[in-house]
Each structure stands twice: as C-alpha cells, then as structure tokens.
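Asker: Pasting in a structure now, in structure tokens, and then I'll have a few things to ask.
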Amino acid sequence: MDLAYIPSPSTGVINLGPIPLRGYAFCIIIGVFVAVWYGNKRWIARGGTAGTVADIAVWAVPFGLVGGRLYHVITDYQLYFSEGENWVDAFKIWEGGLGIWGAIALGAVGAWIGCRRRGIPLPAYADAIAPGIALAQAIGRWGNWFNQELYGKPTDLPWALKITESANREAGLYHPTFLYESLWCVGVAVLVVWADRRFKLGHGRAFALYVAAYCAGRVWTEYLRVDEAHHILGLRLNVWTAIIVFLLAVTYIVISARIRPGREEIVEPKAVKAGETETSDSGDVDVDADADDAVAVSDAEPESDEGTDKDLDKDLDKDLDKDVEHGAGNGAGSAAKG
C-alpha cells in the first residue's frame with residue numbers, strides 16, 4: 001500500500017467556456033512574467049531604466065520559444081516524423097516539448113537584436129536577467145507535472161510521483177524529476193544573486209554562472225529519466241549537451257575575469273545622457289538666479305551713488321558758508337581800521 005506520493009492532475013486543461021486554459025502554457029507564461037519583473041528590478045539597480053528589460057524581452061521570448069521547440073523536435077524527431085506519427089503535432093507546443101538549450105541559444109539571438117536596437121551591451125543585460133531565467137525555469141517545470149511528463153525511474157520514496165496510464169506511459173510511482181529540476185533552478189537563482197553581490201560579477205559572468213550551475217544539476221536529473229532519448233557512448237544526448245555547455249560556461253568565466261575584470265560602470269548609455277540633461281537643466285536655473293541677484297545689485301548701486309552725491313553737496317555748502325562768513329569778517333575789520 002502506498003502511504004504517500006505526489007498525485008498527478010487528472011487533466012492538464014481547464015476549459016473556461018470555449019477557451020481552453022492549459023496548465024503547461026500557463027506555467028510558461030507565469031515564468032516569463034517573473035523573469036521580466038525580476039530582471040527589471042536588477043536592471044534598474046545596475047543603472048538602467050525601467051521598461052528596458054520588457055522591451056528587449058519582446059524579441060527574446062518569441063525567439064526562445066521557437067528555439068526551444070526546434071531543439072525538441074530535432075532531437076526527438078521520431079515522435080513526429082516516424083511511421084504512424086502525425087508531423088502536424090510538431091507545432092502543438094501546448095502539449096509539451098521545449099528544449100532549454102534551444103530556448104537559451106535562440107533567445108540570446110533575439111536579446112542581441114533587442115540590445116542592438118537600444119544600444120545596450122548584451123552581456124550586461126544577460127547578467128541582469130540570469131536569476132530571473134532560472135526562476136522562470138523553476139515555474140515552467142510545473143507545466144510538465146500537468147502533462148505527466150519529465151519523470152524518472154520507479155521509486156517508493158514518499159515524494160514519488162504517481163503517473164496514470166496512457167498510450168505513451170505506464171502507470172506507477174516514479175522519481176519526480178520535474179520537481180528536482182524546479183528546486184535546483186531556485187537554488188541556482190539564489191546562487192547567482194549571492195555571487196553577483198559578493199563578487200560584483202560583470203561582462204556576462206553572472207549569466208555564465210547560471211548556465212554552469214544549471215548544467216551541473218541537469219546532468220543528474222537526466223540520469224534519472226526513463227523516457228526515450230538518443231544516446232551517444234552510453235549517455236543521453238542531453239547529458240553530453242550539459243557537459244559541453246558547462247565546460248564552455250566555466251571557460252568563459254575564467255577568461256572573461258582576466259580580460260575584463262570588474263563590472264560595467266554604464267549599462268545603458270541613454271539613461272546616463274538623460275541624467276546629464278537633467279543636471280544641465282538644474283544648472284541653468286542656478287545661473288538665472290545668479291543673474292537676477294546681479295541685476296538686483298546693479299539696480300541698488302545708483303541709489304548708493306545718489307546718496308553719496310547728496311552728502312558731498314552738503315559738505316560743499318558748509319565750506320562755502322564758512323568762506324563767506326570769514327570774508328565778511330575780514331572786510332568789516334578793514335573798515336574799522338580805516
């Protein structure tokens with residue numbers, strides 16, 4: 001008797017009238033909003049302007065969705081192009097199937113386009129959104145729970161995932177690898193935020209740390225999975241991909257730290273120019289105030305001169321009066337002598 005397990009939803013779709021609300025798509029959408037919201041907060045803290053992250057996400061998100069779907073369809077082509085399969089299903093993204101490797105790769109292309117249009121360095125933008133992407137993955141993995149996919153080997157652990165029977169799966173209790181990866185992604189986000197604050201990561205190193213940490217966790221979750229996959233030298237294709245990408249990310253961190261140590265001082269030139277304009281405008285106000293003071297002083301100067309002239313006139317009048325009196329006195333004295 002199974003005492004404890006994680007139940008799977010009976011359906012992954014909730015119909016709101018004629019509109020089907022699919023759990024998988026809902027989780028992806030929530031993840032995107034969280035990534036943009038948190039990325040915006042980090043971007044502003046780095047000196048950028050509000051709304052820039054969302055503007056660039058308009059390019060990055062569609063590219064990422066297309067890239068994720070392409071990677072899945074290419075690496076699991078037998079699900080759509082084998083005999084008896086319907087190739088139209090390759091376009092049914094709501095049924096699940098997004099490869100994170102393709103999503104990040106093509107999403108980076110879209111972000112690069114958006115950054116170029118705004119004159120922003122892509123590495124700085126990537127550093128700002130890195131923890132948000134990890135949180136988006138953590139939320140998006142719950143879409144696999146709605147679709148009863150991405151589970152591992154059979155287990156009797158208390159947190160085993162109960163899978164119901166269908167055409168492509170066998171009923172039983174399995175490792176909830178979707179949950180393992182979701183929790184791992186939360187840990188990756190915390191790690192990147194901590195390391196970024198502690199070491200002031202810049203020039204794309206925060207993003208590279210996110211990639212390396214995610215790949216390290218993806219290796220062991222892939223090892224637990226039992227769904228069909230292509231194998232190379234006895235390892236699943238995604239394991240090899242994770243190993244290669246991990247090595248590339250670590251190499252980038254090491255080389256970048258030597259070539260460009262520290263962090264970018266300016267991440268959005270337009271924001272700096274706007275700040276300089278505001279400073280210049282406030283300086284003009286001070287100049288005007290000084291000019292007004294100068295005018296007031298100049299207006300007061302004539303009053304001071306006028307007062308000085310009056311004092312001089314009074315002194316002259318006094319001197320003249322004394323001279324007249326003195327002269328009259330001398331005249332009278334001369335008449336008395338004669």
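In the structure tokens, the first chain shown is A, the next is B, and so on; residue numbers restart at 1 for each chain, and ligands run from 1 in the order shown.
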Can you list, as a PyMOL selection string, every residue of region 103-186 of chain A that DSSP puts in helix (DSSP H, G or I)?
Answerer: chain A and resi 103-118+122-140+142-146+177-186
Asker: Write out the residues from the selection above, keeping C-alpha atoms, as an mmCIF file, in the first residue's frame.
Answerer:
```cif
data_model
loop_
_atom_site.group_PDB
_atom_site.id
_atom_site.type_symbol
_atom_site.label_atom_id
_atom_site.label_comp_id
_atom_site.auth_asym_id
_atom_site.auth_seq_id
_atom_site.Cartn_x
_atom_site.Cartn_y
_atom_site.Cartn_z
ATOM 1 C CA ALA A 103 15.457 28.261 -25.968
ATOM 2 C CA ILE A 104 18.566 29.886 -24.470
ATOM 3 C CA ALA A 105 20.526 29.812 -27.730
ATOM 4 C CA LEU A 106 17.884 31.343 -29.984
ATOM 5 C CA GLY A 107 16.554 33.519 -27.165
ATOM 6 C CA ALA A 108 20.033 35.042 -26.924
ATOM 7 C CA VAL A 109 19.825 35.929 -30.616
ATOM 8 C CA GLY A 110 16.548 37.742 -30.018
ATOM 9 C CA ALA A 111 18.015 39.524 -26.976
ATOM 10 C CA TRP A 112 21.030 40.549 -29.060
ATOM 11 C CA ILE A 113 18.744 42.139 -31.640
ATOM 12 C CA GLY A 114 16.817 43.996 -28.944
ATOM 13 C CA CYS A 115 20.008 45.181 -27.258
ATOM 14 C CA ARG A 116 21.471 46.484 -30.521
ATOM 15 C CA ARG A 117 18.319 48.467 -31.196
ATOM 16 C CA ARG A 118 18.709 50.220 -27.823
ATOM 17 C CA LEU A 122 24.249 42.114 -24.355
ATOM 18 C CA PRO A 123 26.475 40.736 -21.527
ATOM 19 C CA ALA A 124 25.177 43.366 -19.079
ATOM 20 C CA TYR A 125 21.575 42.552 -20.000
ATOM 21 C CA ALA A 126 22.255 38.820 -19.648
ATOM 22 C CA ASP A 127 23.708 39.337 -16.165
ATOM 23 C CA ALA A 128 20.601 41.234 -15.080
ATOM 24 C CA ILE A 129 18.099 38.623 -16.242
ATOM 25 C CA ALA A 130 20.075 35.468 -15.347
ATOM 26 C CA PRO A 131 18.421 34.774 -11.937
ATOM 27 C CA GLY A 132 15.020 35.562 -13.435
ATOM 28 C CA ILE A 133 15.542 32.972 -16.170
ATOM 29 C CA ALA A 134 16.356 30.355 -13.526
ATOM 30 C CA LEU A 135 13.143 31.220 -11.652
ATOM 31 C CA ALA A 136 11.191 31.067 -14.913
ATOM 32 C CA GLN A 137 12.533 27.548 -15.480
ATOM 33 C CA ALA A 138 11.567 26.560 -11.938
ATOM 34 C CA ILE A 139 7.990 27.679 -12.593
ATOM 35 C CA GLY A 140 7.852 26.310 -16.114
ATOM 36 C CA TRP A 142 5.466 22.527 -13.218
ATOM 37 C CA GLY A 143 3.944 22.503 -16.679
ATOM 38 C CA ASN A 144 5.486 19.034 -17.025
ATOM 39 C CA TRP A 145 3.532 17.987 -13.946
ATOM 40 C CA PHE A 146 0.273 18.979 -15.658
ATOM 41 C CA THR A 177 12.454 14.793 -11.850
ATOM 42 C CA PHE A 178 10.408 17.850 -12.826
ATOM 43 C CA LEU A 179 10.305 18.727 -9.113
ATOM 44 C CA TYR A 180 14.020 18.050 -8.630
ATOM 45 C CA GLU A 181 14.882 20.363 -11.501
ATOM 46 C CA SER A 182 12.443 23.022 -10.313
ATOM 47 C CA LEU A 183 14.042 23.110 -6.856
ATOM 48 C CA TRP A 184 17.510 23.067 -8.397
ATOM 49 C CA CYS A 185 16.658 26.110 -10.529
ATOM 50 C CA VAL A 186 15.530 28.015 -7.436
#
```
Asker: Kindly indicate which residue among A:Ala57, A:Glu149, A:Pro121, A:Val239 lies nearest to Thr164 (chain A), using only C-alpha atoms for the distances.
Answerer: A:Glu149
Asker: Let me make sure I understand: among A:Val245, A:Glu85, A:Ser10, A:Gln78, which one has the smallest atom-to-atom distance to Cys215 (chain A) if we use only C-alpha atoms?
Answerer: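 Among the listed residues, A:Val245 lies closest to Cys215 (chain A).
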Asker: What's the separation between CA of Ala171 (chain A) and CA of Thr155 (chain A), in Å to one decimal place?
Answerer: 12.5 Å
Asker: Can you work out which one of A:Thr251, A:Ser166, A:Tyr151, A:Ala189 has the shortest atom-to-atom distance to Glu222 (chain A), counting only C-alpha atoms?
Answerer: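 Checking each candidate against Glu222 (chain A), we get A:Tyr151 as the closest.
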